[in-house]
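> Dropping the structure in here first, questions after.
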Amino acid sequence: MESTSVAKKHDFLWLVLFLIVFINGFEAGGYQASLWDIGQHYDLSITSMGLFAATELFATMLAPLILGSWADRHKKSFCILIMLAIQLAAALLVFFTTSNYVFVIGIFFLGLTTSALQFISIAALADAYPVSGKKKIGFITSMYALGALISPLVVRFYLGIGMGWRTLFVLLASGSIIAIFGMTKSGSEPREFDQKRSENIEKGKGEGRFLLFGIILLCIIMCIYVGFENGFTFFIDTLFTDVLLSSNGKFALSLFWAVMIPARILVGYFSKYSTKILMSAVLIIPAVTATLALNKNSTAVLLLCIPLGLASGAIYPSCLTIMMSFAGKKTATATGMITTATGIGGFAFTALTGFVGDNFGMRTAMAVLAGFFIFSFIAALCINEMVTKMKNEK
């Protein structure tokens, strides 16, 4: 008991995990913001820059498939340290190389480790904090959004004062070093103990079971949502520039991302209502999107980005919170499956948006994307039914 109280008193594991996810968001946003300058340095065509971006996305999709079960079989803190060490080496490789081929290899491993660290850190949070973990998930997902939000501003600042694009990888390497130090000092033992959850895991009932069907339903929701999110970020700037003849497209996009942060924090505070929040969000998104796509007033469209961002921000933490009830012992496997679904959605639905947009216009493309949320709502209804049955189990 004494060691437990000391661990709680000096506990900062959650802070280290938050930092890791923040760095991941910073890497994703910073790389996208730096891609043009990287392309200029390596004299790349637009197509080649797209391939450079796709390399990272492919690694992001691949990581959960090959590393999810590995993380569940080993101590997650050990897995995190291994991934951080690879991330550090990859960042330094990209910083020092002058070869575009070596650069692509470094970016591949950065994408791989970023994705792995994302889902393993969330799984580690769920394992270490079985009591307060559902609340903390709202905060940890907001860290990713915060990193993605501020990184373009940081990139713009250091490029503006004459520092090169390689500065990004120095910052990433520094973050990896700090995270490695934090993980070695924080310890990996569970910070909380949930007697009922432990008994359920031992007996293989309630929240102790790995419910594959429930995880697949969450994957469907996340696949459609991330596909929509990627399509929307492309659509909104194009809408403002080409249709509304306004220069506020990038501001609207920043507003969309910014309101996700408080939304995710609020989901953490109200985690016991996560299924209700999820069902509300998958209804609000298509309704607001349809209104936005039909609106011809730039100010109204800008303001509609606020409720759309709030609803969008609620989906990821809600899915992860519910996932904790479906994962049993396989938290990394479950989180990895959801992460893979986000990569598939981002790739497939972005391509669909481009195809429909080219042939039928961007307003029609967004209407098509919003229409897919009917499947999300059906999945959310099934999830709500599953959660209700679990709560009623004796």
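Chains: A, B, ... in order of the structure tokens. Residues: from 1 per chain. Ligands: from 1, in order shown.
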With only C-alpha atoms as the counted atoms, please give the residues lying no more than 12 Å from A:Phe157, apart from itself and same-chain residues fewer than 4 positions off, as a PDB file with N, CA and C atoms, in the first residue's frame.

```
ATOM      1  N   GLY A  30       3.106  19.598 -38.691  1.00  0.00           N
ATOM      2  CA  GLY A  30       4.347  20.252 -39.101  1.00  0.00           C
ATOM      3  C   GLY A  30       4.884  19.717 -40.409  1.00  0.00           C
ATOM      4  N   ALA A  33       2.821  21.126 -43.208  1.00  0.00           N
ATOM      5  CA  ALA A  33       3.128  22.545 -43.393  1.00  0.00           C
ATOM      6  C   ALA A  33       4.500  22.752 -44.031  1.00  0.00           C
ATOM      7  N   SER A  34       5.394  21.784 -43.891  1.00  0.00           N
ATOM      8  CA  SER A  34       6.758  21.911 -44.418  1.00  0.00           C
ATOM      9  C   SER A  34       6.924  21.287 -45.789  1.00  0.00           C
ATOM     10  N   ILE A 150      -1.062  24.014 -33.646  1.00  0.00           N
ATOM     11  CA  ILE A 150      -0.015  25.023 -33.465  1.00  0.00           C
ATOM     12  C   ILE A 150       1.216  24.784 -34.341  1.00  0.00           C
ATOM     13  N   SER A 151       1.405  23.553 -34.829  1.00  0.00           N
ATOM     14  CA  SER A 151       2.625  23.264 -35.591  1.00  0.00           C
ATOM     15  C   SER A 151       2.768  24.116 -36.851  1.00  0.00           C
ATOM     16  N   PRO A 152       1.697  24.345 -37.649  1.00  0.00           N
ATOM     17  CA  PRO A 152       1.881  25.224 -38.817  1.00  0.00           C
ATOM     18  C   PRO A 152       2.298  26.637 -38.431  1.00  0.00           C
ATOM     19  N   LEU A 153       1.836  27.104 -37.268  1.00  0.00           N
ATOM     20  CA  LEU A 153       2.228  28.436 -36.807  1.00  0.00           C
ATOM     21  C   LEU A 153       3.707  28.469 -36.441  1.00  0.00           C
ATOM     22  N   ILE A 161      11.992  33.520 -39.951  1.00  0.00           N
ATOM     23  CA  ILE A 161      13.214  34.129 -39.416  1.00  0.00           C
ATOM     24  C   ILE A 161      14.467  33.515 -40.039  1.00  0.00           C
ATOM     25  N   GLY A 162      14.261  32.740 -41.104  1.00  0.00           N
ATOM     26  CA  GLY A 162      15.411  32.250 -41.861  1.00  0.00           C
ATOM     27  C   GLY A 162      15.880  30.853 -41.515  1.00  0.00           C
ATOM     28  N   MET A 163      15.216  30.167 -40.602  1.00  0.00           N
ATOM     29  CA  MET A 163      15.589  28.791 -40.274  1.00  0.00           C
ATOM     30  C   MET A 163      14.945  27.850 -41.294  1.00  0.00           C
ATOM     31  N   GLY A 164      15.649  26.785 -41.652  1.00  0.00           N
ATOM     32  CA  GLY A 164      15.180  25.887 -42.699  1.00  0.00           C
ATOM     33  C   GLY A 164      14.151  24.883 -42.228  1.00  0.00           C
ATOM     34  N   TRP A 165      13.616  24.096 -43.191  1.00  0.00           N
ATOM     35  CA  TRP A 165      12.601  23.101 -42.874  1.00  0.00           C
ATOM     36  C   TRP A 165      13.131  21.992 -41.977  1.00  0.00           C
ATOM     37  N   THR A 167      14.509  22.280 -39.297  1.00  0.00           N
ATOM     38  CA  THR A 167      14.249  22.641 -37.894  1.00  0.00           C
ATOM     39  C   THR A 167      13.141  21.772 -37.298  1.00  0.00           C
ATOM     40  N   LEU A 168      12.159  21.423 -38.119  1.00  0.00           N
ATOM     41  CA  LEU A 168      11.059  20.577 -37.644  1.00  0.00           C
ATOM     42  C   LEU A 168      11.589  19.286 -37.047  1.00  0.00           C
TER      43      LEU A 168
END
```
> Find the spatial neighbours of stretch 9-13 of chain A, counting only C-alpha atoms, within a cut-off of 12 Å - ignore same-chain residues fewer than 3 positions away - and output them as a count of residues only.
34
> Would you work out the distance separating atom CA of A:Ile306 from atom CA of A:Gly336, expressed in Å to one decimal?
29.5 Å
> Please identify all polymer residues within 10 Å of A:Ala281, counting only C-alpha atoms, omitting same-chain residues fewer than 2 positions from it, and present them as a list of chain:residue names.
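Non-adjacent residues within range: A:Thr275, A:Lys276, A:Ile277, A:Leu278, A:Met279, A:Leu283, A:Ile284, A:Ile285, A:Pro286, A:Ala287, A:Pro307, A:Leu308, A:Leu310, A:Ala311, A:Ser312, A:Gly313, A:Ala314, A:Ile315, A:Ser318, A:Phe373, A:Ser376, A:Phe377, A:Ala380.
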> Create the file for the chosen residues now, containing C-alpha atoms and written as a PDB file, in the first residue's frame.

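again.pdb was written with the following content:
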```pdb
ATOM      1  CA  THR A 275     -22.612   6.651 -26.387  1.00  0.00           C
ATOM      2  CA  LYS A 276     -25.239   9.398 -26.312  1.00  0.00           C
ATOM      3  CA  ILE A 277     -22.632  11.979 -27.350  1.00  0.00           C
ATOM      4  CA  LEU A 278     -21.515   9.720 -30.209  1.00  0.00           C
ATOM      5  CA  MET A 279     -25.058   9.265 -31.525  1.00  0.00           C
ATOM      6  CA  LEU A 283     -26.438  13.165 -36.584  1.00  0.00           C
ATOM      7  CA  ILE A 284     -25.204  16.750 -36.173  1.00  0.00           C
ATOM      8  CA  ILE A 285     -22.321  16.413 -38.659  1.00  0.00           C
ATOM      9  CA  PRO A 286     -24.387  15.567 -41.778  1.00  0.00           C
ATOM     10  CA  ALA A 287     -27.109  18.081 -40.821  1.00  0.00           C
ATOM     11  CA  PRO A 307     -20.818  23.389 -34.416  1.00  0.00           C
ATOM     12  CA  LEU A 308     -19.305  21.159 -37.088  1.00  0.00           C
ATOM     13  CA  LEU A 310     -17.516  20.604 -31.935  1.00  0.00           C
ATOM     14  CA  ALA A 311     -19.392  17.546 -33.215  1.00  0.00           C
ATOM     15  CA  SER A 312     -16.345  16.277 -35.124  1.00  0.00           C
ATOM     16  CA  GLY A 313     -14.088  16.715 -32.102  1.00  0.00           C
ATOM     17  CA  ALA A 314     -16.400  14.573 -29.972  1.00  0.00           C
ATOM     18  CA  ILE A 315     -16.218  11.437 -32.137  1.00  0.00           C
ATOM     19  CA  SER A 318     -16.127   8.964 -27.581  1.00  0.00           C
ATOM     20  CA  PHE A 373     -23.099   9.034 -41.728  1.00  0.00           C
ATOM     21  CA  SER A 376     -22.360   5.639 -38.617  1.00  0.00           C
ATOM     22  CA  PHE A 377     -25.684   6.280 -36.902  1.00  0.00           C
ATOM     23  CA  ALA A 380     -23.826   3.944 -32.985  1.00  0.00           C
TER      24      ALA A 380
END
```
> List the spatial neighbours of A:Thr321 as number ranges by chain - criterion: any atom at most 7 Å away, only C-alpha atoms, same-chain residues fewer than 3 positions off excluded.
A: 134, 137, 271, 274, 317-318, 324
> Give me the residues within 12 Å of A:Ile107 as a JSON list (two decimals) with C-alpha atoms, in the first residue's frame, counting only C-alpha atoms and dropping any in the same chain fewer than 4 places off.

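Result file is around_29.json:
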```json
[["chain", "number", "residue", "atom", "x", "y", "z"],
["A", 27, "GLU", "CA", 4.73, 15.97, -36.37],
["A", 28, "ALA", "CA", 1.66, 15.40, -38.55],
["A", 31, "TYR", "CA", 5.25, 17.82, -41.88],
["A", 32, "GLN", "CA", 2.26, 18.87, -43.97],
["A", 35, "LEU", "CA", 6.05, 19.78, -47.48],
["A", 38, "ILE", "CA", 10.86, 20.15, -48.66],
["A", 51, "LEU", "CA", 4.02, 10.61, -52.94],
["A", 52, "PHE", "CA", 6.18, 11.98, -50.12],
["A", 53, "ALA", "CA", 2.99, 12.69, -48.15],
["A", 54, "ALA", "CA", 1.50, 9.30, -49.06],
["A", 55, "THR", "CA", 4.59, 7.51, -47.71],
["A", 56, "GLU", "CA", 3.86, 8.78, -44.23],
["A", 57, "LEU", "CA", 0.14, 7.96, -44.52],
["A", 58, "PHE", "CA", 0.94, 4.41, -45.67],
["A", 59, "ALA", "CA", 3.23, 3.87, -42.69],
["A", 60, "THR", "CA", 0.53, 5.29, -40.40],
["A", 86, "ILE", "CA", 13.24, 4.59, -33.55],
["A", 87, "GLN", "CA", 11.44, 7.93, -33.87],
["A", 88, "LEU", "CA", 14.55, 9.76, -32.59],
["A", 89, "ALA", "CA", 16.79, 7.89, -35.04],
["A", 90, "ALA", "CA", 14.43, 8.57, -37.96],
["A", 91, "ALA", "CA", 14.20, 12.30, -37.15],
["A", 92, "LEU", "CA", 17.98, 12.58, -37.01],
["A", 93, "LEU", "CA", 18.30, 10.60, -40.26],
["A", 94, "VAL", "CA", 15.97, 13.01, -42.05],
["A", 95, "PHE", "CA", 17.80, 15.99, -40.55],
["A", 97, "THR", "CA", 20.50, 13.27, -45.07],
["A", 100, "ASN", "CA", 15.73, 12.07, -51.21],
["A", 101, "TYR", "CA", 15.64, 8.24, -51.09],
["A", 102, "VAL", "CA", 17.03, 8.19, -47.54],
["A", 103, "PHE", "CA", 14.61, 11.01, -46.70],
["A", 111, "GLY", "CA", 5.03, 7.77, -39.83],
["A", 112, "LEU", "CA", 5.28, 4.22, -38.47],
["A", 113, "THR", "CA", 6.44, 5.29, -35.02],
["A", 114, "THR", "CA", 4.04, 8.25, -34.82],
["A", 169, "PHE", "CA", 13.06, 17.38, -37.26]]
```
> Fewer than 6 positions away in the same chain doesn't count, so skip those; otherwise give me all residues within 10 Å of A:Leu67, counting only C-alpha atoms, as a PDB file with N, CA and C atoms, in the first residue's frame.

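The result, written out as around_32.pdb:
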```pdb
ATOM      1  N   CYS A  79       7.432  -1.009 -25.058  1.00  0.00           N
ATOM      2  CA  CYS A  79       7.117  -0.787 -26.472  1.00  0.00           C
ATOM      3  C   CYS A  79       7.221   0.696 -26.830  1.00  0.00           C
ATOM      4  N   LEU A 112       5.510   5.487 -39.171  1.00  0.00           N
ATOM      5  CA  LEU A 112       5.285   4.220 -38.469  1.00  0.00           C
ATOM      6  C   LEU A 112       5.292   4.430 -36.961  1.00  0.00           C
ATOM      7  N   THR A 113       6.321   5.118 -36.465  1.00  0.00           N
ATOM      8  CA  THR A 113       6.437   5.294 -35.018  1.00  0.00           C
ATOM      9  C   THR A 113       5.395   6.271 -34.476  1.00  0.00           C
ATOM     10  N   SER A 115       2.344   6.701 -35.562  1.00  0.00           N
ATOM     11  CA  SER A 115       1.092   5.954 -35.461  1.00  0.00           C
ATOM     12  C   SER A 115       1.134   4.971 -34.297  1.00  0.00           C
ATOM     13  N   ALA A 116       2.256   4.240 -34.179  1.00  0.00           N
ATOM     14  CA  ALA A 116       2.386   3.257 -33.103  1.00  0.00           C
ATOM     15  C   ALA A 116       2.345   3.925 -31.730  1.00  0.00           C
ATOM     16  N   PHE A 119      -1.371   4.937 -30.706  1.00  0.00           N
ATOM     17  CA  PHE A 119      -2.319   3.960 -30.171  1.00  0.00           C
ATOM     18  C   PHE A 119      -1.770   3.217 -28.958  1.00  0.00           C
ATOM     19  N   ILE A 120      -0.448   3.028 -28.874  1.00  0.00           N
ATOM     20  CA  ILE A 120       0.108   2.352 -27.700  1.00  0.00           C
ATOM     21  C   ILE A 120       0.021   3.255 -26.472  1.00  0.00           C
ATOM     22  N   ALA A 332      -4.305  -2.452 -26.773  1.00  0.00           N
ATOM     23  CA  ALA A 332      -3.482  -1.986 -27.894  1.00  0.00           C
ATOM     24  C   ALA A 332      -4.014  -2.518 -29.223  1.00  0.00           C
ATOM     25  N   THR A 333      -4.462  -3.775 -29.244  1.00  0.00           N
ATOM     26  CA  THR A 333      -5.035  -4.344 -30.459  1.00  0.00           C
ATOM     27  C   THR A 333      -6.274  -3.569 -30.879  1.00  0.00           C
ATOM     28  N   GLY A 336      -5.342  -0.117 -32.020  1.00  0.00           N
ATOM     29  CA  GLY A 336      -4.673  -0.236 -33.304  1.00  0.00           C
ATOM     30  C   GLY A 336      -5.652  -0.457 -34.449  1.00  0.00           C
TER      31      GLY A 336
END
```
> Mind checking DSSP for stretch 112-169 of chain A and telling me the alpha helix (DSSP H) residues as an NGL selection string?
:A and (112-128 or 133-160 or 167-169)
> Quick one, how far is atom CA of A:Ala293 from atom CA of A:Arg363?
5.3 Å
